[in-house]
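Worksheet for the structure shown next.
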Amino acid sequence: MSRRTRTRLIRYGVSAVTLAVLALIALNADWTKLQESFFDPEIFADLFPQIITVAARNTLIFSFFGFTGGLALGLVLALMRLSTIRPYRWAAAIYIEVFRGLPALITIVLIGYVLPIALQVRVPGIYGPGSLALALVTGAYLAETIRAGIEAVPKGQMEAARSLGMGYGRAMISIVIPQAFRVILPPLTNEFVLLIKDTSLLFVLGTTEETIELAKYGRDAVNDTFNGTPLMAVALVYLIITIPLTQLVAVLERRNKRAL
Amino acid sequence: MRNRTMPLLLAATSLFLVAGACSSSEPETSTGGGGSSTTTTTAASSTDTMAEGPVGTAQATETPVSEIEAMVADATLVTDGTLTICSDIPYAPFEFEDDNNELTGFDVELVDAMAEEMNLQTEFLTTPFDGIIPALVAGNCDAIVSATTITDERSEQVLFSDPYFDADQSLLVTAENEGTYASLDDLGGKNIGVQSGTTGADYAEENKPEGATIREYQGADDLFAAIVAGDVDAILQDFPVNAYRALQNSDQFVVTETFPTGEQYGMAVTLENTNLADALNAALGNVQAAGTYDEIYATWFGES
């Protein structure tokens, strides 16, 4: 048979197998039970408005503080990594390796329990310990991203700025870093999405009615109602938060391509 | 594409299949749970003045082992020959690991003794307490033995055995705050730590003073770490647990108030598993009649 016929047959074959598998699953699924256990409209309605006004709000608050802190920390670390002073480079490298290697959960426990017990240092504010832990983790990841962005800016920019009489710091702040950020906006937004999901680990620090975040809210509701609907609702809210962000990244990337 | 028949045929077939699946699924009739109250073979001897207490052994009846084995044979077990137990470990002194990483505790020893009567091995599954009933209902284990208080709400979801322990709630504070937080009312505007999903959490929520914040934690150990870290000013939890911790660390913790809620612990099985509940009750009766219950109680809580 001709090559074209063979390709067509393979394609149809794959489609047929896929559809057969899906049909098998559809046939064997207990749709009534599925609807009862995961899409109960009454339980779903009961979750509002707290799921948005308290849980989602708290998730966003933790993410916001964690990200701004992480951004500041990441910038400092990136500059330290690029510094000519060796101890700065080493200190930054060690920090980045440690906090990228530790699971976020461990870091959260460290800040929430070990710090107060060992050093009697308590982070102020109800969002304090959680946000700090997230900032420490995010900072380590962002440091490498920002460093890559800074290095991506052509060396000529720095040289031109210096030759115009700007100091290193001035050149960095006004010329190099703004250009670096334009390049790394997509990975930055990626990191933000990961951070939003890491807030689900904050339950280990103890939750109050006021600071409860989305995942714990959903899990509590599942345990109270013996139903999986809250989990679906929480998943939906997470996607409503993260999908616009990832779409934003796509838009930004397209705009960047045009600009270049 | 010039030839459209193939894709159309495939699409049509799949649509038919899916439509057929949707309409042919019949609603499952759930097998109604028993919820039958098993005849109590023990007389509860809870006195309001006792913050913790054994459940009366004076009138425990003995059931022949062969009868118990018959009940077990009729019961549903996750693994044949083994009693799989969901438990929130650690929760000293009921279930925790000692210095040799051996599982020990009042609940553990009691269940081991009962399992012997039932001719079963025991296997413990560590499960966080706020998810322990869903874990049982999902079929991860045969029974919950985790210092679980019998409540009406829980009895709608699971079938409880006869009560096997009396407990009250209590307030624990750090030694230096013994005078400041002598009672729950002194904690206005302060942080009270509780464990997620427990009756202690419910009690705290209902009786907290003005302005107090309730902080929920996953495990009992997290609570003690939190009070040492200063995240909470007091812990509201079952008296035996607080008392045990205060006893082990008398210079660090002290129990300042006890709340006589008259709670009783029970072992939980799924609503349909009435045979297992009967077997557990019978085994408990045997253990009490033989005096083993009193021995285990004395080991952990002294002579009652």
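We name chains A, B, ... following the order of the structure tokens; residues begin at 1 in each chain, and ligands are numbered from 1 as shown.
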
Mind checking which residues fall within 10 Å of A:Ala92, counting only C-alpha atoms, ignoring those fewer than 3 positions away in the same chain, and posting them as a PyMOL selection string?
chain A and resi 74+76-83+86-89+95-98+140+143

Residue list for chain A near chain B as a VMD selection string, 9 Å, only C-alpha atoms:
chain A and resid 12 15 to 16 19 to 20 22 to 24 26 to 33 112 to 118 120 to 122 203 to 209 219 to 220 222 to 224 226

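For the set B:Asn119, B:Thr151, B:Thr256, B:Thr274, the residue with the smallest atom-to-atom gap to B:Asn242 is B:Thr256, counting only C-alpha atoms.
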
Which of stretch 36-278 of chain B DSSP labels strand (DSSP E or B), written as a ChimeraX atom specification:
/B:52-54,79,82-87,91,95-97,103-104,121-126,143-144,149,158-160,165-174,191-195,213-217,234-238,253-265,268-270

Nearest to A:Gly228: which of A:Ile10, A:Arg4, A:Val176, A:Asp40 is it, counting only C-alpha atoms?
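Checking each candidate against A:Gly228, we get A:Asp40 as the closest.
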
Long-range neighbours of B:Ala243 as an MDAnalysis selection string, 9 Å cut-off, only C-alpha atoms, 5 positions minimum in chain
chainID B and resid 170 172 238 248 254:255

Using only C-alpha atoms, determine which residues lie at most 8 Å from B:Met71, disregarding the query and same-chain residues fewer than 6 positions distant; provide the list as a VMD selection string.
chain B and resid 275 to 276 278 to 279

Can you spit out the residues from that selection as a PDB file, in the first residue's frame, using C-alpha atoms?
ATOM      1  CA  ASN B 275     -20.622  -8.691  63.057  1.00  0.00           C
ATOM      2  CA  LEU B 276     -17.260  -7.101  63.682  1.00  0.00           C
ATOM      3  CA  ASP B 278     -20.333  -7.722  68.026  1.00  0.00           C
ATOM      4  CA  ALA B 279     -16.997  -9.517  67.958  1.00  0.00           C
TER       5      ALA B 279
END

Please return, as a VMD selection string, all residues of stretch 175-270 of chain B that DSSP assigns to alpha helix (DSSP H) on the basis of the backbone.
chain B and resid 199 to 207 220 to 229 239 to 248

Residues as selected, N, CA and C atoms, written as a PDB file, in the first residue's frame, can you do that?
ATOM      1  N   THR B 199     -13.309  16.283  69.556  1.00  0.00           N
ATOM      2  CA  THR B 199     -14.354  16.872  70.386  1.00  0.00           C
ATOM      3  C   THR B 199     -13.780  18.039  71.178  1.00  0.00           C
ATOM      4  N   GLY B 200     -12.471  18.012  71.436  1.00  0.00           N
ATOM      5  CA  GLY B 200     -11.820  19.140  72.096  1.00  0.00           C
ATOM      6  C   GLY B 200     -11.946  20.394  71.266  1.00  0.00           C
ATOM      7  N   ALA B 201     -11.779  20.246  69.942  1.00  0.00           N
ATOM      8  CA  ALA B 201     -11.932  21.394  69.045  1.00  0.00           C
ATOM      9  C   ALA B 201     -13.359  21.931  69.129  1.00  0.00           C
ATOM     10  N   ASP B 202     -14.340  21.033  69.142  1.00  0.00           N
ATOM     11  CA  ASP B 202     -15.741  21.468  69.239  1.00  0.00           C
ATOM     12  C   ASP B 202     -15.979  22.172  70.561  1.00  0.00           C
ATOM     13  N   TYR B 203     -15.462  21.593  71.648  1.00  0.00           N
ATOM     14  CA  TYR B 203     -15.690  22.186  72.968  1.00  0.00           C
ATOM     15  C   TYR B 203     -15.092  23.584  73.027  1.00  0.00           C
ATOM     16  N   ALA B 204     -13.869  23.712  72.498  1.00  0.00           N
ATOM     17  CA  ALA B 204     -13.209  25.016  72.517  1.00  0.00           C
ATOM     18  C   ALA B 204     -14.001  26.030  71.721  1.00  0.00           C
ATOM     19  N   GLU B 205     -14.490  25.617  70.563  1.00  0.00           N
ATOM     20  CA  GLU B 205     -15.255  26.527  69.719  1.00  0.00           C
ATOM     21  C   GLU B 205     -16.498  27.001  70.431  1.00  0.00           C
ATOM     22  N   GLU B 206     -17.161  26.094  71.180  1.00  0.00           N
ATOM     23  CA  GLU B 206     -18.412  26.476  71.841  1.00  0.00           C
ATOM     24  C   GLU B 206     -18.194  27.287  73.101  1.00  0.00           C
ATOM     25  N   ASN B 207     -17.074  27.074  73.790  1.00  0.00           N
ATOM     26  CA  ASN B 207     -16.909  27.682  75.115  1.00  0.00           C
ATOM     27  C   ASN B 207     -15.783  28.689  75.205  1.00  0.00           C
ATOM     28  N   ALA B 220      -1.416  15.735  67.534  1.00  0.00           N
ATOM     29  CA  ALA B 220      -1.231  16.126  68.929  1.00  0.00           C
ATOM     30  C   ALA B 220       0.176  16.659  69.162  1.00  0.00           C
ATOM     31  N   ASP B 221       1.168  16.057  68.497  1.00  0.00           N
ATOM     32  CA  ASP B 221       2.544  16.523  68.685  1.00  0.00           C
ATOM     33  C   ASP B 221       2.726  17.954  68.195  1.00  0.00           C
ATOM     34  N   ASP B 222       2.031  18.293  67.109  1.00  0.00           N
ATOM     35  CA  ASP B 222       2.122  19.660  66.594  1.00  0.00           C
ATOM     36  C   ASP B 222       1.619  20.650  67.632  1.00  0.00           C
ATOM     37  N   LEU B 223       0.599  20.227  68.399  1.00  0.00           N
ATOM     38  CA  LEU B 223       0.056  21.109  69.435  1.00  0.00           C
ATOM     39  C   LEU B 223       1.116  21.448  70.464  1.00  0.00           C
ATOM     40  N   PHE B 224       1.849  20.421  70.924  1.00  0.00           N
ATOM     41  CA  PHE B 224       2.850  20.666  71.961  1.00  0.00           C
ATOM     42  C   PHE B 224       4.016  21.484  71.409  1.00  0.00           C
ATOM     43  N   ALA B 225       4.360  21.250  70.137  1.00  0.00           N
ATOM     44  CA  ALA B 225       5.393  22.089  69.531  1.00  0.00           C
ATOM     45  C   ALA B 225       4.919  23.534  69.457  1.00  0.00           C
ATOM     46  N   ALA B 226       3.635  23.710  69.168  1.00  0.00           N
ATOM     47  CA  ALA B 226       3.104  25.068  69.029  1.00  0.00           C
ATOM     48  C   ALA B 226       3.114  25.814  70.348  1.00  0.00           C
ATOM     49  N   ILE B 227       2.775  25.118  71.455  1.00  0.00           N
ATOM     50  CA  ILE B 227       2.734  25.838  72.724  1.00  0.00           C
ATOM     51  C   ILE B 227       4.147  26.176  73.178  1.00  0.00           C
ATOM     52  N   VAL B 228       5.113  25.295  72.869  1.00  0.00           N
ATOM     53  CA  VAL B 228       6.498  25.608  73.215  1.00  0.00           C
ATOM     54  C   VAL B 228       6.994  26.767  72.361  1.00  0.00           C
ATOM     55  N   ALA B 229       6.574  26.803  71.103  1.00  0.00           N
ATOM     56  CA  ALA B 229       6.993  27.871  70.213  1.00  0.00           C
ATOM     57  C   ALA B 229       6.280  29.181  70.517  1.00  0.00           C
ATOM     58  N   PHE B 239      -8.250  14.914  78.669  1.00  0.00           N
ATOM     59  CA  PHE B 239      -7.492  14.960  79.899  1.00  0.00           C
ATOM     60  C   PHE B 239      -6.351  13.942  79.955  1.00  0.00           C
ATOM     61  N   PRO B 240      -6.577  12.674  79.601  1.00  0.00           N
ATOM     62  CA  PRO B 240      -5.474  11.707  79.722  1.00  0.00           C
ATOM     63  C   PRO B 240      -4.244  12.119  78.930  1.00  0.00           C
ATOM     64  N   VAL B 241      -4.468  12.726  77.760  1.00  0.00           N
ATOM     65  CA  VAL B 241      -3.335  13.092  76.911  1.00  0.00           C
ATOM     66  C   VAL B 241      -2.566  14.254  77.522  1.00  0.00           C
ATOM     67  N   ASN B 242      -3.318  15.269  77.957  1.00  0.00           N
ATOM     68  CA  ASN B 242      -2.663  16.408  78.602  1.00  0.00           C
ATOM     69  C   ASN B 242      -1.952  15.982  79.878  1.00  0.00           C
ATOM     70  N   ALA B 243      -2.649  15.158  80.676  1.00  0.00           N
ATOM     71  CA  ALA B 243      -2.078  14.750  81.956  1.00  0.00           C
ATOM     72  C   ALA B 243      -0.795  13.959  81.743  1.00  0.00           C
ATOM     73  N   TYR B 244      -0.797  13.087  80.742  1.00  0.00           N
ATOM     74  CA  TYR B 244       0.390  12.279  80.468  1.00  0.00           C
ATOM     75  C   TYR B 244       1.565  13.168  80.094  1.00  0.00           C
ATOM     76  N   ARG B 245       1.301  14.138  79.210  1.00  0.00           N
ATOM     77  CA  ARG B 245       2.363  15.039  78.785  1.00  0.00           C
ATOM     78  C   ARG B 245       2.868  15.874  79.961  1.00  0.00           C
ATOM     79  N   ALA B 246       1.945  16.325  80.801  1.00  0.00           N
ATOM     80  CA  ALA B 246       2.359  17.126  81.960  1.00  0.00           C
ATOM     81  C   ALA B 246       3.178  16.282  82.927  1.00  0.00           C
ATOM     82  N   LEU B 247       2.806  14.996  83.033  1.00  0.00           N
ATOM     83  CA  LEU B 247       3.550  14.101  83.911  1.00  0.00           C
ATOM     84  C   LEU B 247       4.963  13.879  83.398  1.00  0.00           C
ATOM     85  N   GLN B 248       5.096  13.716  82.082  1.00  0.00           N
ATOM     86  CA  GLN B 248       6.414  13.457  81.502  1.00  0.00           C
ATOM     87  C   GLN B 248       7.293  14.698  81.564  1.00  0.00           C
TER      88      GLN B 248
END

Would you work out the distance separating atom CA of A:Thr138 from atom CA of A:Pro154, expressed in Å to one decimal?
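Value for the atom CA of A:Thr138-atom CA of A:Pro154 distance: 26.3 Å.
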